[in-house]
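Participant: Mind looking over this structure? Questions follow.
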Amino acid sequence: MSACVEQSRKDVDGAIATADDWMKGLKGNERAYPLQCLAVVYARQLRWDEAEDTFLAARDALLADEKVHRAKLGGMAANAALADSRPGAALASLEQARSDATSAGDLALAGELEIDRSRALVALDRPAEAEAALNTARRDAAQDADTWLLSATLARRLGKLQDAQFYIETAAGLSPVDPAIGLEAGVIAVLSGHDEAARKSWQSVITAAPGSEAAVTAKSYIDQLGGN
């Protein structure tokens, strides 16, 4: 599996041929790993629909009791669907993946899947359900900075600025130099009337990731803020 995925970094066509050859003569559960490799190759090519279908085929090839692996593959399929702007399809895969992870007793994985569920639910304009998903994620995947960043963003959009401030501070504590966290911290600060704090957050993004897209965004925010 790892050799096939590594090959895909340098030789996509060769990796597809490797996965196809690997599958020849295999049946049932044995097909899951070459299918997973093939799905990774499709994702590298941004062939999201094919990647989603192949991740799901790999999941379905597994035995019913291999719930953790099934959950991970379902999550991968969902992320391919999200990348292809199909949150409804993503949500369906994530519901099954969450059920598999929970029944396997892997609450950390279930929490990570809730993060992706929240993304899908936001895209579907179902903010209350997204908020509930993030409540669970903060409990079960509390060390994941994305949990807190997405919580902060959603709380800010819902006008819950005190909650948003707490969440973004927690995210920054877990990942101090993440540009996305710095951008969101600045937005929350300026909406709370703390312009200088916003300026410092955005300047930290420029310092940490000069030349990046996030730095360009931070510079535009500072320019809009005006002043020194």
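Residue numbering restarts at 1 in every chain; chains get A, B, ... in the order shown in the structure tokens, and ligands count up from 1 in that same order.
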Which residues are close to region 83-89 of chain A, i.e. within 6 Å by only C-alpha atoms, leaving aside same-chain residues fewer than 3 positions away? Reply as a PDB file with C-alpha atoms, in the first residue's frame.
Facilitator:
```pdb
ATOM      1  CA  TRP A  48     -12.711  14.011  -7.016  1.00  0.00           C
ATOM      2  CA  ALA A  80     -13.254  14.072  -1.914  1.00  0.00           C
ATOM      3  CA  ALA A  92     -23.984  10.651   3.792  1.00  0.00           C
ATOM      4  CA  ALA A 120     -20.621  19.669   5.215  1.00  0.00           C
TER       5      ALA A 120
END
```
Participant: Each residue of region 96-138 of chain A with at least one atom at most 12 Å from region 61-70 of chain A should appear once, together with its nearest atom pair and the corresponding distance in Å (one decimal); atoms considered: only C-alpha atoms; ordering: chain, then increasing residue number; output as a Markdown table.
Facilitator:
```
| residue | atom | partner | partner_atom | distance |
| --- | --- | --- | --- | --- |
| A:Gln96 | CA | A:Arg70 | CA | 9.0 |
| A:Ala97 | CA | A:Arg70 | CA | 6.9 |
| A:Arg98 | CA | A:Val68 | CA | 9.6 |
| A:Ser99 | CA | A:Lys67 | CA | 8.8 |
| A:Asp100 | CA | A:Lys67 | CA | 5.0 |
| A:Ala101 | CA | A:Val68 | CA | 5.5 |
| A:Thr102 | CA | A:Lys67 | CA | 8.9 |
| A:Ser103 | CA | A:Lys67 | CA | 7.6 |
| A:Ala104 | CA | A:Lys67 | CA | 6.0 |
| A:Gly105 | CA | A:Val68 | CA | 8.9 |
| A:Asp106 | CA | A:Val68 | CA | 7.3 |
| A:Leu107 | CA | A:Val68 | CA | 10.5 |
| A:Ala108 | CA | A:Val68 | CA | 10.9 |
| A:Leu109 | CA | A:Val68 | CA | 8.2 |
| A:Ala110 | CA | A:Val68 | CA | 9.6 |
| A:Leu113 | CA | A:Val68 | CA | 11.7 |
```
Participant: Atoms to include: C-alpha atoms. Write the selected residues as a PDB file, in the first residue's frame.
Facilitator:
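See again27.pdb below for the written result:
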```
ATOM      1  CA  GLN A  96     -21.804   5.980   8.084  1.00  0.00           C
ATOM      2  CA  ALA A  97     -18.172   6.644   8.985  1.00  0.00           C
ATOM      3  CA  ARG A  98     -19.146   8.155  12.327  1.00  0.00           C
ATOM      4  CA  SER A  99     -21.343   5.155  13.084  1.00  0.00           C
ATOM      5  CA  ASP A 100     -18.470   2.769  12.304  1.00  0.00           C
ATOM      6  CA  ALA A 101     -15.967   4.727  14.410  1.00  0.00           C
ATOM      7  CA  THR A 102     -18.342   5.017  17.350  1.00  0.00           C
ATOM      8  CA  SER A 103     -19.287   1.346  17.325  1.00  0.00           C
ATOM      9  CA  ALA A 104     -15.569   0.487  17.228  1.00  0.00           C
ATOM     10  CA  GLY A 105     -15.045   2.633  20.324  1.00  0.00           C
ATOM     11  CA  ASP A 106     -12.647   5.012  18.549  1.00  0.00           C
ATOM     12  CA  LEU A 107     -13.979   8.288  19.913  1.00  0.00           C
ATOM     13  CA  ALA A 108     -10.969  10.291  18.707  1.00  0.00           C
ATOM     14  CA  LEU A 109     -11.669   9.231  15.121  1.00  0.00           C
ATOM     15  CA  ALA A 110     -15.372   9.898  15.597  1.00  0.00           C
ATOM     16  CA  LEU A 113     -15.203  12.929  11.521  1.00  0.00           C
TER      17      LEU A 113
END
```
Participant: Would you kindly return, as a PyMOL selection string, each protein, DNA or RNA residue with an atom no farther than 10 Å from any atom of Arg156 (chain A), considering only C-alpha atoms and excluding same-chain residues fewer than 3 positions away?
Facilitator: chain A and resi 150-153+159-165+167+184+187-188+191-192
Participant: If you keep N, CA and C atoms, can you produce a file of those selected residues as a CSV table (one decimal), in the first residue's frame?
Facilitator:
```
chain,number,residue,atom,x,y,z
A,150,LEU,N,-12.7,26.0,13.5
A,150,LEU,CA,-14.0,26.0,12.8
A,150,LEU,C,-15.1,26.4,13.8
A,151,SER,N,-14.9,26.1,15.1
A,151,SER,CA,-15.9,26.5,16.1
A,151,SER,C,-15.9,28.0,16.2
A,152,ALA,N,-14.7,28.6,16.2
A,152,ALA,CA,-14.6,30.1,16.2
A,152,ALA,C,-15.2,30.7,15.0
A,153,THR,N,-15.0,30.2,13.9
A,153,THR,CA,-15.5,30.8,12.6
A,153,THR,C,-17.0,30.7,12.7
A,159,GLY,N,-22.7,35.4,15.4
A,159,GLY,CA,-22.8,36.6,16.2
A,159,GLY,C,-22.4,36.3,17.7
A,160,LYS,N,-21.8,35.1,17.9
A,160,LYS,CA,-21.5,34.8,19.3
A,160,LYS,C,-20.0,35.1,19.5
A,161,LEU,N,-19.7,36.4,19.6
A,161,LEU,CA,-18.3,36.8,19.6
A,161,LEU,C,-17.5,36.4,20.8
A,162,GLN,N,-18.1,36.3,22.0
A,162,GLN,CA,-17.4,35.8,23.2
A,162,GLN,C,-17.0,34.4,23.0
A,163,ASP,N,-17.9,33.6,22.6
A,163,ASP,CA,-17.5,32.2,22.3
A,163,ASP,C,-16.5,32.1,21.2
A,164,ALA,N,-16.6,32.9,20.2
A,164,ALA,CA,-15.6,32.9,19.1
A,164,ALA,C,-14.2,33.2,19.6
A,165,GLN,N,-14.2,34.2,20.5
A,165,GLN,CA,-12.9,34.6,21.1
A,165,GLN,C,-12.2,33.5,21.9
A,167,TYR,N,-12.8,30.2,21.6
A,167,TYR,CA,-12.4,29.2,20.7
A,167,TYR,C,-11.1,29.5,19.9
A,184,GLU,N,-8.4,34.5,11.2
A,184,GLU,CA,-9.7,34.4,11.9
A,184,GLU,C,-9.6,35.2,13.2
A,187,VAL,N,-10.2,38.8,12.4
A,187,VAL,CA,-11.6,39.1,12.1
A,187,VAL,C,-12.4,39.2,13.3
A,188,ILE,N,-12.2,38.3,14.2
A,188,ILE,CA,-13.0,38.3,15.5
A,188,ILE,C,-12.7,39.5,16.3
A,191,LEU,N,-14.3,42.7,14.8
A,191,LEU,CA,-15.7,42.7,15.0
A,191,LEU,C,-16.1,43.0,16.5
A,192,SER,N,-15.1,42.7,17.4
A,192,SER,CA,-15.3,43.0,18.8
A,192,SER,C,-14.8,44.4,19.2
```
Participant: Quick one: everything within 12 Å of Gly226 (chain A), counting only C-alpha atoms, minus sequence neighbours fewer than 4 positions away in the same chain. Send it as a list in words.
Facilitator: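 Near neighbours after the sequence-gap exclusion: Asp195, Glu196, Ala198, Arg199, Lys219, Ser220, Tyr221 and Ile222 of chain A.
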Participant: Could you tell me how far CA of Leu38 (chain A) sits from CA of Met76 (chain A), in Å to one decimal place?
Facilitator: 12.5 Å
Participant: Do you know which residues are at most 12 Å from region 125-128 of chain A counting only C-alpha atoms, after dropping those on the same chain fewer than 2 positions away, and could you put them as a PyMOL selection string?
Facilitator: chain A and resi 87-88+91+117-123+130-135+150-151+153-158
Participant: For the residues selected in the previous step, produce a file with N, CA and C atoms as a compact mmCIF listing (two decimals), in the first residue's frame.
Facilitator:
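File written: again-v2.txt
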```
# COMPACT_ATOMS: atom_id res chain seq x y z
N PRO A 87 -21.56 18.66 -0.74
CA PRO A 87 -21.65 18.40 0.71
C PRO A 87 -22.69 17.36 1.09
N GLY A 88 -23.76 17.23 0.30
CA GLY A 88 -24.78 16.22 0.62
C GLY A 88 -24.21 14.82 0.54
N LEU A 91 -21.87 14.28 3.47
CA LEU A 91 -22.56 14.04 4.74
C LEU A 91 -23.03 12.60 4.85
N ARG A 117 -18.05 16.65 9.32
CA ARG A 117 -19.51 16.78 9.28
C ARG A 117 -19.91 18.24 9.43
N SER A 118 -19.22 18.96 10.29
CA SER A 118 -19.57 20.37 10.48
C SER A 118 -19.34 21.16 9.19
N ARG A 119 -18.26 20.84 8.47
CA ARG A 119 -18.00 21.53 7.21
C ARG A 119 -19.13 21.27 6.22
N ALA A 120 -19.54 20.01 6.13
CA ALA A 120 -20.62 19.67 5.21
C ALA A 120 -21.92 20.36 5.62
N LEU A 121 -22.20 20.38 6.90
CA LEU A 121 -23.45 20.98 7.39
C LEU A 121 -23.45 22.50 7.17
N VAL A 122 -22.31 23.14 7.35
CA VAL A 122 -22.24 24.58 7.05
C VAL A 122 -22.51 24.82 5.57
N ALA A 123 -21.90 24.00 4.72
CA ALA A 123 -22.10 24.15 3.28
C ALA A 123 -23.56 23.92 2.89
N ALA A 130 -24.40 21.98 12.52
CA ALA A 130 -22.94 22.12 12.47
C ALA A 130 -22.39 22.48 13.84
N GLU A 131 -23.09 23.34 14.55
CA GLU A 131 -22.68 23.73 15.90
C GLU A 131 -22.69 22.52 16.83
N ALA A 132 -23.72 21.69 16.71
CA ALA A 132 -23.80 20.48 17.54
C ALA A 132 -22.66 19.52 17.21
N ALA A 133 -22.34 19.39 15.93
CA ALA A 133 -21.23 18.53 15.53
C ALA A 133 -19.92 19.02 16.12
N LEU A 134 -19.73 20.33 16.12
CA LEU A 134 -18.48 20.88 16.68
C LEU A 134 -18.45 20.76 18.20
N ASN A 135 -19.59 20.81 18.86
CA ASN A 135 -19.63 20.56 20.30
C ASN A 135 -19.06 19.17 20.60
N LEU A 150 -12.68 26.05 13.45
CA LEU A 150 -14.00 25.99 12.83
C LEU A 150 -15.09 26.41 13.82
N SER A 151 -14.90 26.07 15.09
CA SER A 151 -15.85 26.51 16.12
C SER A 151 -15.86 28.03 16.22
N THR A 153 -14.96 30.20 13.86
CA THR A 153 -15.53 30.77 12.64
C THR A 153 -17.05 30.71 12.65
N LEU A 154 -17.59 29.55 13.04
CA LEU A 154 -19.04 29.40 13.07
C LEU A 154 -19.66 30.30 14.13
N ALA A 155 -19.04 30.35 15.31
CA ALA A 155 -19.57 31.22 16.36
C ALA A 155 -19.56 32.68 15.93
N ARG A 156 -18.50 33.08 15.25
CA ARG A 156 -18.43 34.46 14.75
C ARG A 156 -19.54 34.74 13.74
N ARG A 157 -19.79 33.79 12.84
CA ARG A 157 -20.85 33.98 11.86
C ARG A 157 -22.23 34.03 12.51
N LEU A 158 -22.37 33.35 13.64
CA LEU A 158 -23.64 33.35 14.36
C LEU A 158 -23.76 34.52 15.33
```
Participant: Give the answer as one residue: which of A:Ala180, A:Ala78, A:Val40, A:Ala142 has the shortest atom-to-atom distance to Gln7 (chain A), using only C-alpha atoms?
Facilitator: A:Val40
Participant: Extract, using only C-alpha atoms, all DNA, RNA and protein residues at most 7 Å from Trp148 (chain A), discarding same-chain residues fewer than 5 positions from it, and format them as a PyMOL selection string.
Facilitator: chain A and resi 167-168+170-171
Participant: Those residues you just picked out, can you put them in a file as an mmCIF file, in the first residue's frame with C-alpha atoms?
Facilitator:
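Saved result, part-v3.cif, follows:
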```cif
data_model
loop_
_atom_site.group_PDB
_atom_site.id
_atom_site.type_symbol
_atom_site.label_atom_id
_atom_site.label_comp_id
_atom_site.auth_asym_id
_atom_site.auth_seq_id
_atom_site.Cartn_x
_atom_site.Cartn_y
_atom_site.Cartn_z
ATOM 1 C CA TYR A 167 -12.383 29.163 20.654
ATOM 2 C CA ILE A 168 -9.815 31.085 18.617
ATOM 3 C CA THR A 170 -7.679 27.795 22.224
ATOM 4 C CA ALA A 171 -6.885 27.158 18.555
#
```
Participant: Rank nothing, just name the residue among A:Ala57, A:Asp49, A:Lys200, A:Thr147 nearest to Asn29 (chain A), using only C-alpha atoms.
Facilitator: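 The shortest atom-to-atom distance to Asn29 (chain A) comes from A:Ala57.
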